[in-house]
>>> print(open('final25.json').read())   # JSON, N, CA and C atoms
[["chain", "number", "residue", "atom", "x", "y", "z"],
["A", 1, "MET", "N", 2.07, 13.60, -13.57],
["A", 1, "MET", "CA", 2.61, 12.47, -12.84],
["A", 1, "MET", "C", 1.66, 11.29, -13.01],
["A", 2, "GLU", "N", 2.25, 10.17, -13.37],
["A", 2, "GLU", "CA", 1.48, 8.95, -13.55],
["A", 2, "GLU", "C", 2.03, 7.84, -12.67],
["A", 3, "ILE", "N", 1.13, 7.02, -12.15],
["A", 3, "ILE", "CA", 1.54, 5.81, -11.45],
["A", 3, "ILE", "C", 1.78, 4.78, -12.53],
["A", 4, "THR", "N", 3.05, 4.41, -12.72],
["A", 4, "THR", "CA", 3.39, 3.53, -13.83],
["A", 4, "THR", "C", 3.54, 2.07, -13.41],
["A", 5, "ASP", "N", 3.58, 1.80, -12.10],
["A", 5, "ASP", "CA", 3.66, 0.41, -11.64],
["A", 5, "ASP", "C", 3.12, 0.34, -10.22],
["A", 6, "VAL", "N", 2.38, -0.72, -9.95],
["A", 6, "VAL", "CA", 1.87, -0.98, -8.60],
["A", 6, "VAL", "C", 2.18, -2.43, -8.28],
["A", 7, "ARG", "N", 2.88, -2.66, -7.19],
["A", 7, "ARG", "CA", 3.19, -4.02, -6.74],
["A", 7, "ARG", "C", 2.51, -4.25, -5.40],
["A", 8, "VAL", "N", 1.73, -5.30, -5.34],
["A", 8, "VAL", "CA", 0.95, -5.62, -4.14],
["A", 8, "VAL", "C", 1.55, -6.86, -3.50],
["A", 9, "TYR", "N", 1.80, -6.76, -2.19],
["A", 9, "TYR", "CA", 2.36, -7.87, -1.42],
["A", 9, "TYR", "C", 1.36, -8.23, -0.31],
["A", 10, "PRO", "N", 0.44, -9.16, -0.61],
["A", 10, "PRO", "CA", -0.58, -9.52, 0.37],
["A", 10, "PRO", "C", 0.03, -10.08, 1.65],
["A", 11, "VAL", "N", -0.62, -9.80, 2.76],
["A", 11, "VAL", "CA", -0.22, -10.35, 4.05],
["A", 11, "VAL", "C", -1.47, -10.88, 4.74],
["A", 12, "ASP", "N", -1.26, -11.70, 5.74],
["A", 12, "ASP", "CA", -2.38, -12.31, 6.45],
["A", 12, "ASP", "C", -2.36, -11.81, 7.89],
["A", 13, "GLU", "N", -2.86, -10.61, 8.10],
["A", 13, "GLU", "CA", -2.95, -10.03, 9.43],
["A", 13, "GLU", "C", -4.37, -9.57, 9.68],
["A", 14, "GLU", "N", -4.66, -9.19, 10.91],
["A", 14, "GLU", "CA", -6.04, -8.87, 11.28],
["A", 14, "GLU", "C", -6.64, -7.77, 10.40],
["A", 15, "LYS", "N", -6.02, -6.61, 10.34],
["A", 15, "LYS", "CA", -6.56, -5.51, 9.54],
["A", 15, "LYS", "C", -5.69, -5.16, 8.34],
["A", 16, "LEU", "N", -4.41, -5.42, 8.44],
["A", 16, "LEU", "CA", -3.50, -5.15, 7.34],
["A", 16, "LEU", "C", -3.69, -6.21, 6.26],
["A", 17, "ARG", "N", -4.02, -5.78, 5.07],
["A", 17, "ARG", "CA", -4.28, -6.72, 3.97],
["A", 17, "ARG", "C", -3.10, -6.85, 3.01],
["A", 18, "ALA", "N", -2.31, -5.75, 2.84],
["A", 18, "ALA", "CA", -1.18, -5.81, 1.91],
["A", 18, "ALA", "C", -0.27, -4.62, 2.11],
["A", 19, "TYR", "N", 1.00, -4.84, 1.74],
["A", 19, "TYR", "CA", 1.93, -3.74, 1.55],
["A", 19, "TYR", "C", 1.93, -3.45, 0.06],
["A", 20, "VAL", "N", 2.19, -2.21, -0.29],
["A", 20, "VAL", "CA", 2.17, -1.81, -1.70],
["A", 20, "VAL", "C", 3.38, -0.93, -1.99],
["A", 21, "THR", "N", 3.93, -1.13, -3.19],
["A", 21, "THR", "CA", 4.99, -0.27, -3.71],
["A", 21, "THR", "C", 4.48, 0.32, -5.01],
["A", 22, "VAL", "N", 4.59, 1.64, -5.17],
["A", 22, "VAL", "CA", 4.18, 2.29, -6.41],
["A", 22, "VAL", "C", 5.39, 2.96, -7.05],
["A", 23, "THR", "N", 5.38, 2.99, -8.37],
["A", 23, "THR", "CA", 6.40, 3.70, -9.13],
["A", 23, "THR", "C", 5.71, 4.84, -9.86],
["A", 24, "LEU", "N", 6.30, 6.01, -9.77],
["A", 24, "LEU", "CA", 5.77, 7.21, -10.43],
["A", 24, "LEU", "C", 6.63, 7.54, -11.65],
["A", 25, "ASP", "N", 5.99, 7.71, -12.79],
["A", 25, "ASP", "CA", 6.65, 8.09, -14.03],
["A", 25, "ASP", "C", 7.84, 7.20, -14.37],
["A", 26, "GLY", "N", 7.82, 5.96, -13.91],
["A", 26, "GLY", "CA", 8.89, 5.03, -14.22],
["A", 26, "GLY", "C", 10.24, 5.39, -13.62],
["A", 27, "CYS", "N", 10.25, 6.34, -12.66],
["A", 27, "CYS", "CA", 11.54, 6.78, -12.15],
["A", 27, "CYS", "C", 11.58, 7.12, -10.67],
["A", 28, "PHE", "N", 10.46, 6.99, -9.95],
["A", 28, "PHE", "CA", 10.46, 7.32, -8.52],
["A", 28, "PHE", "C", 9.59, 6.28, -7.80],
["A", 29, "VAL", "N", 10.15, 5.64, -6.77],
["A", 29, "VAL", "CA", 9.46, 4.57, -6.06],
["A", 29, "VAL", "C", 9.04, 5.02, -4.67],
["A", 30, "ILE", "N", 7.83, 4.64, -4.27],
["A", 30, "ILE", "CA", 7.36, 4.85, -2.91],
["A", 30, "ILE", "C", 6.97, 3.48, -2.37],
["A", 31, "ARG", "N", 7.60, 3.09, -1.28],
["A", 31, "ARG", "CA", 7.35, 1.79, -0.65],
["A", 31, "ARG", "C", 6.56, 1.99, 0.65],
["A", 32, "ASP", "N", 6.06, 0.89, 1.16],
["A", 32, "ASP", "CA", 5.41, 0.85, 2.47],
["A", 32, "ASP", "C", 4.04, 1.51, 2.54],
["A", 33, "LEU", "N", 3.36, 1.66, 1.41],
["A", 33, "LEU", "CA", 1.95, 2.00, 1.50],
["A", 33, "LEU", "C", 1.26, 0.75, 2.01],
["A", 34, "LYS", "N", 0.12, 0.89, 2.67],
["A", 34, "LYS", "CA", -0.57, -0.26, 3.24],
["A", 34, "LYS", "C", -2.04, -0.24, 2.83],
["A", 35, "VAL", "N", -2.56, -1.42, 2.52],
["A", 35, "VAL", "CA", -4.01, -1.58, 2.32],
["A", 35, "VAL", "C", -4.53, -2.09, 3.65],
["A", 36, "ILE", "N", -5.46, -1.33, 4.23],
["A", 36, "ILE", "CA", -5.99, -1.63, 5.56],
["A", 36, "ILE", "C", -7.50, -1.81, 5.50],
["A", 37, "GLN", "N", -8.00, -2.80, 6.23],
["A", 37, "GLN", "CA", -9.43, -2.99, 6.35],
["A", 37, "GLN", "C", -9.96, -2.06, 7.43],
["A", 38, "GLY", "N", -10.73, -1.05, 7.02],
["A", 38, "GLY", "CA", -11.34, -0.14, 7.97],
["A", 38, "GLY", "C", -12.66, -0.70, 8.46],
["A", 39, "ALA", "N", -13.39, 0.11, 9.21],
["A", 39, "ALA", "CA", -14.68, -0.31, 9.77],
["A", 39, "ALA", "C", -15.68, -0.69, 8.68],
["A", 40, "THR", "N", -15.65, 0.04, 7.55],
["A", 40, "THR", "CA", -16.64, -0.22, 6.51],
["A", 40, "THR", "C", -16.04, -0.57, 5.15],
["A", 41, "SER", "N", -14.77, -0.25, 4.94],
["A", 41, "SER", "CA", -14.16, -0.51, 3.64],
["A", 41, "SER", "C", -12.64, -0.51, 3.74],
["A", 42, "LEU", "N", -12.02, -0.88, 2.63],
["A", 42, "LEU", "CA", -10.57, -0.82, 2.57],
["A", 42, "LEU", "C", -10.11, 0.61, 2.35],
["A", 43, "PHE", "N", -8.92, 0.94, 2.84],
["A", 43, "PHE", "CA", -8.32, 2.24, 2.54],
["A", 43, "PHE", "C", -6.82, 2.08, 2.44],
["A", 44, "VAL", "N", -6.18, 3.08, 1.87],
["A", 44, "VAL", "CA", -4.73, 3.07, 1.69],
["A", 44, "VAL", "C", -4.10, 4.01, 2.71],
["A", 45, "ALA", "N", -3.15, 3.48, 3.48],
["A", 45, "ALA", "CA", -2.40, 4.28, 4.44],
["A", 45, "ALA", "C", -1.04, 4.59, 3.81],
["A", 46, "MET", "N", -0.63, 5.83, 3.94],
["A", 46, "MET", "CA", 0.65, 6.26, 3.39],
["A", 46, "MET", "C", 1.80, 5.76, 4.28],
["A", 47, "PRO", "N", 3.01, 5.69, 3.73],
["A", 47, "PRO", "CA", 4.15, 5.27, 4.56],
["A", 47, "PRO", "C", 4.35, 6.27, 5.69],
["A", 48, "ALA", "N", 4.60, 5.76, 6.88],
["A", 48, "ALA", "CA", 4.73, 6.63, 8.05],
["A", 48, "ALA", "C", 5.87, 6.18, 8.93],
["A", 49, "LYS", "N", 6.34, 7.12, 9.74],
["A", 49, "LYS", "CA", 7.42, 6.86, 10.67],
["A", 49, "LYS", "C", 6.93, 7.15, 12.08],
["A", 50, "ARG", "N", 7.27, 6.26, 13.01],
["A", 50, "ARG", "CA", 6.87, 6.45, 14.40],
["A", 50, "ARG", "C", 7.78, 7.51, 15.04],
["A", 51, "ARG", "N", 7.16, 8.46, 15.70],
["A", 51, "ARG", "CA", 7.90, 9.50, 16.41],
["A", 51, "ARG", "C", 8.23, 9.03, 17.82],
["A", 52, "LYS", "N", 9.10, 9.75, 18.48],
["A", 52, "LYS", "CA", 9.50, 9.40, 19.85],
["A", 52, "LYS", "C", 8.31, 9.37, 20.80],
["A", 53, "ASP", "N", 7.29, 10.21, 20.54],
["A", 53, "ASP", "CA", 6.13, 10.25, 21.44],
["A", 53, "ASP", "C", 5.11, 9.15, 21.13],
["A", 54, "GLY", "N", 5.42, 8.27, 20.17],
["A", 54, "GLY", "CA", 4.53, 7.16, 19.84],
["A", 54, "GLY", "C", 3.55, 7.44, 18.72],
["A", 55, "THR", "N", 3.44, 8.69, 18.29],
["A", 55, "THR", "CA", 2.54, 9.02, 17.19],
["A", 55, "THR", "C", 3.24, 8.72, 15.87],
["A", 56, "PHE", "N", 2.47, 8.74, 14.80],
["A", 56, "PHE", "CA", 3.02, 8.48, 13.47],
["A", 56, "PHE", "C", 2.92, 9.72, 12.61],
["A", 57, "LYS", "N", 3.89, 9.90, 11.73],
["A", 57, "LYS", "CA", 3.89, 11.02, 10.78],
["A", 57, "LYS", "C", 4.16, 10.44, 9.40],
["A", 58, "ASP", "N", 3.30, 10.80, 8.43],
["A", 58, "ASP", "CA", 3.50, 10.35, 7.05],
["A", 58, "ASP", "C", 4.84, 10.85, 6.54],
["A", 59, "VAL", "N", 5.57, 9.99, 5.84],
["A", 59, "VAL", "CA", 6.83, 10.41, 5.23],
["A", 59, "VAL", "C", 6.65, 10.77, 3.76],
["A", 60, "ALA", "N", 5.54, 10.34, 3.19],
["A", 60, "ALA", "CA", 5.17, 10.71, 1.82],
["A", 60, "ALA", "C", 3.64, 10.67, 1.77],
["A", 61, "HIS", "N", 3.06, 11.66, 1.12],
["A", 61, "HIS", "CA", 1.61, 11.69, 1.02],
["A", 61, "HIS", "C", 1.16, 12.66, -0.06],
["A", 62, "PRO", "N", -0.02, 12.44, -0.63],
["A", 62, "PRO", "CA", -0.57, 13.37, -1.61],
["A", 62, "PRO", "C", -0.88, 14.71, -0.95],
["A", 63, "LEU", "N", -0.77, 15.77, -1.72],
["A", 63, "LEU", "CA", -1.02, 17.11, -1.19],
["A", 63, "LEU", "C", -2.45, 17.57, -1.38],
["A", 64, "ASN", "N", -3.26, 16.80, -2.13],
["A", 64, "ASN", "CA", -4.65, 17.21, -2.30],
["A", 64, "ASN", "C", -5.55, 15.99, -2.43],
["A", 65, "ALA", "N", -6.84, 16.22, -2.26],
["A", 65, "ALA", "CA", -7.82, 15.13, -2.25],
["A", 65, "ALA", "C", -7.87, 14.41, -3.60],
["A", 66, "GLU", "N", -7.74, 15.14, -4.69],
["A", 66, "GLU", "CA", -7.81, 14.52, -6.02],
["A", 66, "GLU", "C", -6.69, 13.50, -6.21],
["A", 67, "THR", "N", -5.47, 13.84, -5.80],
["A", 67, "THR", "CA", -4.35, 12.92, -5.94],
["A", 67, "THR", "C", -4.50, 11.74, -5.00],
["A", 68, "ARG", "N", -4.96, 11.98, -3.77],
["A", 68, "ARG", "CA", -5.19, 10.88, -2.83],
["A", 68, "ARG", "C", -6.22, 9.91, -3.38],
["A", 69, "GLU", "N", -7.31, 10.44, -3.93],
["A", 69, "GLU", "CA", -8.36, 9.58, -4.49],
["A", 69, "GLU", "C", -7.83, 8.77, -5.67],
["A", 70, "ARG", "N", -6.99, 9.37, -6.51],
["A", 70, "ARG", "CA", -6.40, 8.65, -7.64],
["A", 70, "ARG", "C", -5.50, 7.53, -7.16],
["A", 71, "PHE", "N", -4.64, 7.81, -6.17],
["A", 71, "PHE", "CA", -3.79, 6.78, -5.59],
["A", 71, "PHE", "C", -4.65, 5.64, -5.06],
["A", 72, "GLU", "N", -5.65, 5.97, -4.25],
["A", 72, "GLU", "CA", -6.50, 4.92, -3.66],
["A", 72, "GLU", "C", -7.19, 4.10, -4.72],
["A", 73, "ARG", "N", -7.74, 4.74, -5.73],
["A", 73, "ARG", "CA", -8.47, 4.03, -6.78],
["A", 73, "ARG", "C", -7.54, 3.03, -7.50],
["A", 74, "ILE", "N", -6.35, 3.49, -7.87],
["A", 74, "ILE", "CA", -5.41, 2.63, -8.61],
["A", 74, "ILE", "C", -4.87, 1.52, -7.71],
["A", 75, "ILE", "N", -4.50, 1.85, -6.49],
["A", 75, "ILE", "CA", -3.94, 0.85, -5.57],
["A", 75, "ILE", "C", -4.98, -0.19, -5.19],
["A", 76, "LEU", "N", -6.19, 0.25, -4.87],
["A", 76, "LEU", "CA", -7.22, -0.72, -4.48],
["A", 76, "LEU", "C", -7.64, -1.60, -5.66],
["A", 77, "ALA", "N", -7.60, -1.06, -6.87],
["A", 77, "ALA", "CA", -7.88, -1.89, -8.05],
["A", 77, "ALA", "C", -6.80, -2.95, -8.22],
["A", 78, "ALA", "N", -5.54, -2.58, -8.00],
["A", 78, "ALA", "CA", -4.45, -3.55, -8.08],
["A", 78, "ALA", "C", -4.57, -4.60, -6.98],
["A", 79, "TYR", "N", -4.96, -4.16, -5.79],
["A", 79, "TYR", "CA", -5.16, -5.11, -4.68],
["A", 79, "TYR", "C", -6.30, -6.07, -5.01],
["A", 80, "ASP", "N", -7.38, -5.55, -5.55],
["A", 80, "ASP", "CA", -8.52, -6.39, -5.91],
["A", 80, "ASP", "C", -8.11, -7.43, -6.96],
["A", 81, "ALA", "N", -7.35, -7.00, -7.96],
["A", 81, "ALA", "CA", -6.90, -7.92, -9.00],
["A", 81, "ALA", "C", -6.00, -9.00, -8.40],
["A", 82, "GLU", "N", -5.12, -8.61, -7.49],
["A", 82, "GLU", "CA", -4.22, -9.58, -6.84],
["A", 82, "GLU", "C", -5.02, -10.57, -6.00],
["A", 83, "SER", "N", -6.02, -10.08, -5.28],
["A", 83, "SER", "CA", -6.78, -10.95, -4.39],
["A", 83, "SER", "C", -7.70, -11.90, -5.16],
["A", 84, "ARG", "N", -8.00, -11.59, -6.43],
["A", 84, "ARG", "CA", -8.85, -12.46, -7.25],
["A", 84, "ARG", "C", -8.07, -13.56, -7.95],
["A", 85, "ARG", "N", -6.74, -13.45, -7.93],
["A", 85, "ARG", "CA", -5.92, -14.49, -8.57],
["A", 85, "ARG", "C", -6.16, -15.82, -7.89],
["A", 86, "ALA", "N", -5.74, -16.88, -8.56],
["A", 86, "ALA", "CA", -5.89, -18.23, -8.00],
["A", 86, "ALA", "C", -5.34, -18.24, -6.58],
["A", 87, "PRO", "N", -6.06, -18.90, -5.69],
["A", 87, "PRO", "CA", -5.60, -18.92, -4.30],
["A", 87, "PRO", "C", -4.20, -19.51, -4.20],
["A", 88, "ALA", "N", -3.31, -18.69, -3.78],
["A", 88, "ALA", "CA", -1.93, -19.12, -3.58],
["A", 88, "ALA", "C", -1.57, -18.85, -2.13],
["A", 89, "ARG", "N", -0.50, -19.45, -1.68],
["A", 89, "ARG", "CA", -0.08, -19.22, -0.31],
["A", 89, "ARG", "C", 0.26, -17.74, -0.15],
["A", 90, "ARG", "N", -0.38, -17.09, 0.80],
["A", 90, "ARG", "CA", -0.08, -15.71, 1.09],
["A", 90, "ARG", "C", 1.06, -15.66, 2.08],
["A", 91, "PRO", "N", 2.12, -14.92, 1.76],
["A", 91, "PRO", "CA", 3.26, -14.87, 2.68],
["A", 91, "PRO", "C", 2.91, -14.14, 3.96],
["A", 92, "ALA", "N", 3.59, -14.51, 5.02],
["A", 92, "ALA", "CA", 3.43, -13.79, 6.29],
["A", 92, "ALA", "C", 3.99, -12.40, 6.11],
["A", 93, "ALA", "N", 3.60, -11.48, 6.97],
["A", 93, "ALA", "CA", 4.01, -10.08, 6.85],
["A", 93, "ALA", "C", 5.52, -9.94, 6.78],
["A", 94, "ASN", "N", 6.24, -10.73, 7.56],
["A", 94, "ASN", "CA", 7.70, -10.56, 7.55],
["A", 94, "ASN", "C", 8.33, -11.11, 6.27],
["A", 95, "GLU", "N", 7.64, -11.95, 5.52],
["A", 95, "GLU", "CA", 8.15, -12.45, 4.24],
["A", 95, "GLU", "C", 7.79, -11.52, 3.10],
["A", 96, "ALA", "N", 6.62, -10.91, 3.17],
["A", 96, "ALA", "CA", 6.10, -10.13, 2.05],
["A", 96, "ALA", "C", 6.81, -8.81, 1.87],
["A", 97, "HIS", "N", 7.41, -8.31, 2.90],
["A", 97, "HIS", "CA", 7.94, -6.97, 2.85],
["A", 97, "HIS", "C", 9.46, -6.98, 2.98],
["A", 98, "LEU", "N", 10.08, -7.69, 2.08],
["A", 98, "LEU", "CA", 11.52, -7.79, 2.09],
["A", 98, "LEU", "C", 12.13, -6.60, 1.36],
["A", 99, "PRO", "N", 13.31, -6.14, 1.77],
["A", 99, "PRO", "CA", 13.96, -5.03, 1.07],
["A", 99, "PRO", "C", 14.10, -5.35, -0.41],
["A", 100, "GLY", "N", 13.83, -4.37, -1.23],
["A", 100, "GLY", "CA", 13.96, -4.55, -2.67],
["A", 100, "GLY", "C", 12.70, -5.03, -3.34],
["A", 101, "ASN", "N", 11.65, -5.33, -2.59],
["A", 101, "ASN", "CA", 10.39, -5.77, -3.19],
["A", 101, "ASN", "C", 9.60, -4.59, -3.66]]
>>> encode(input="final25.json", output="structure tokens")
Amino acid sequence: MEITDVRVYPVDEEKLRAYVTVTLDGCFVIRDLKVIQGATSLFVAMPAKRRKDGTFKDVAHPLNAETRERFERIILAAYDAESRRAPARRPAANEAHLPGN
């Protein structure tokens, strides 16, 4: 399995830095990954759904540490490349995460 495309949608929020969409093997898309500023570094949060009790449960996630590390490395590199581009207007969170992006 290869990550064949990474799309980064920067946002301007306190800890949330971007939404990310990845394509696997050119035929399977996972949306709503998030780049989050943690206490010491950035990390990637998997797409999650809020449960009735207020907790969150991942709807898609790697099954082992090696795959998680590969996802993080590739996604954070794409985020870094996007953030180094010429300063452009960063869309608000509600603009950046439109259906079909």
>>> residues_around(input="final25.json", residues="Ile75 of chain A", least_positions_apart="6", cutoff="8 Å", atoms="only N, CA and C atoms", output="ChimeraX atom specification")
/A:6-7,20,35,44,69,81
>>> atom_distance(input="final25.json", atom1="atom CA of Ser83 of chain A", atom2="atom CA of Arg50 of chain A")
29.0 Å
>>> atom_distance(input="final25.json", atom1="atom N of Tyr19 of chain A", atom2="atom CA of Tyr79 of chain A")
8.9 Å
>>> residues_around(input="final25.json", residues="segment 59-63 of chain A", least_positions_apart="2", cutoff="8 Å", atoms="all atoms listed in the file", output="VMD selection string")
chain A and resid 30 45 to 49 56 to 57 65 to 69
>>> axis_aligned_box(input="final25.json", around="segment 61-66 of chain A", padding_each_side="4 Å", output="lines of an AutoDock Vina configuration file")
center_x = -2.4
center_y = 14.6
center_z = -2.5
size_x = 18.9
size_y = 13.9
size_z = 15.3
>>> atom_distance(input="final25.json", atom1="atom N of Asp12 of chain A", atom2="atom C of Phe71 of chain A")
20.7 Å
>>> select_by_dssp(input="final25.json", residues="segment 8-61 of chain A", states="strand (DSSP E)", output="PyMOL selection string")
chain A and resi 8-10+16-24+28-37+42-45+48-50+56-58
>>> select_by_dssp(input="final25.json", residues="segment 9-92 of chain A", states="helix (DSSP H, G or I)", output="list of chain:residue names")
A:Ala65, A:Glu66, A:Thr67, A:Arg68, A:Glu69, A:Arg70, A:Phe71, A:Glu72, A:Arg73, A:Ile74, A:Ile75, A:Leu76, A:Ala77, A:Ala78, A:Tyr79, A:Asp80, A:Ala81, A:Glu82, A:Ser83, A:Arg84
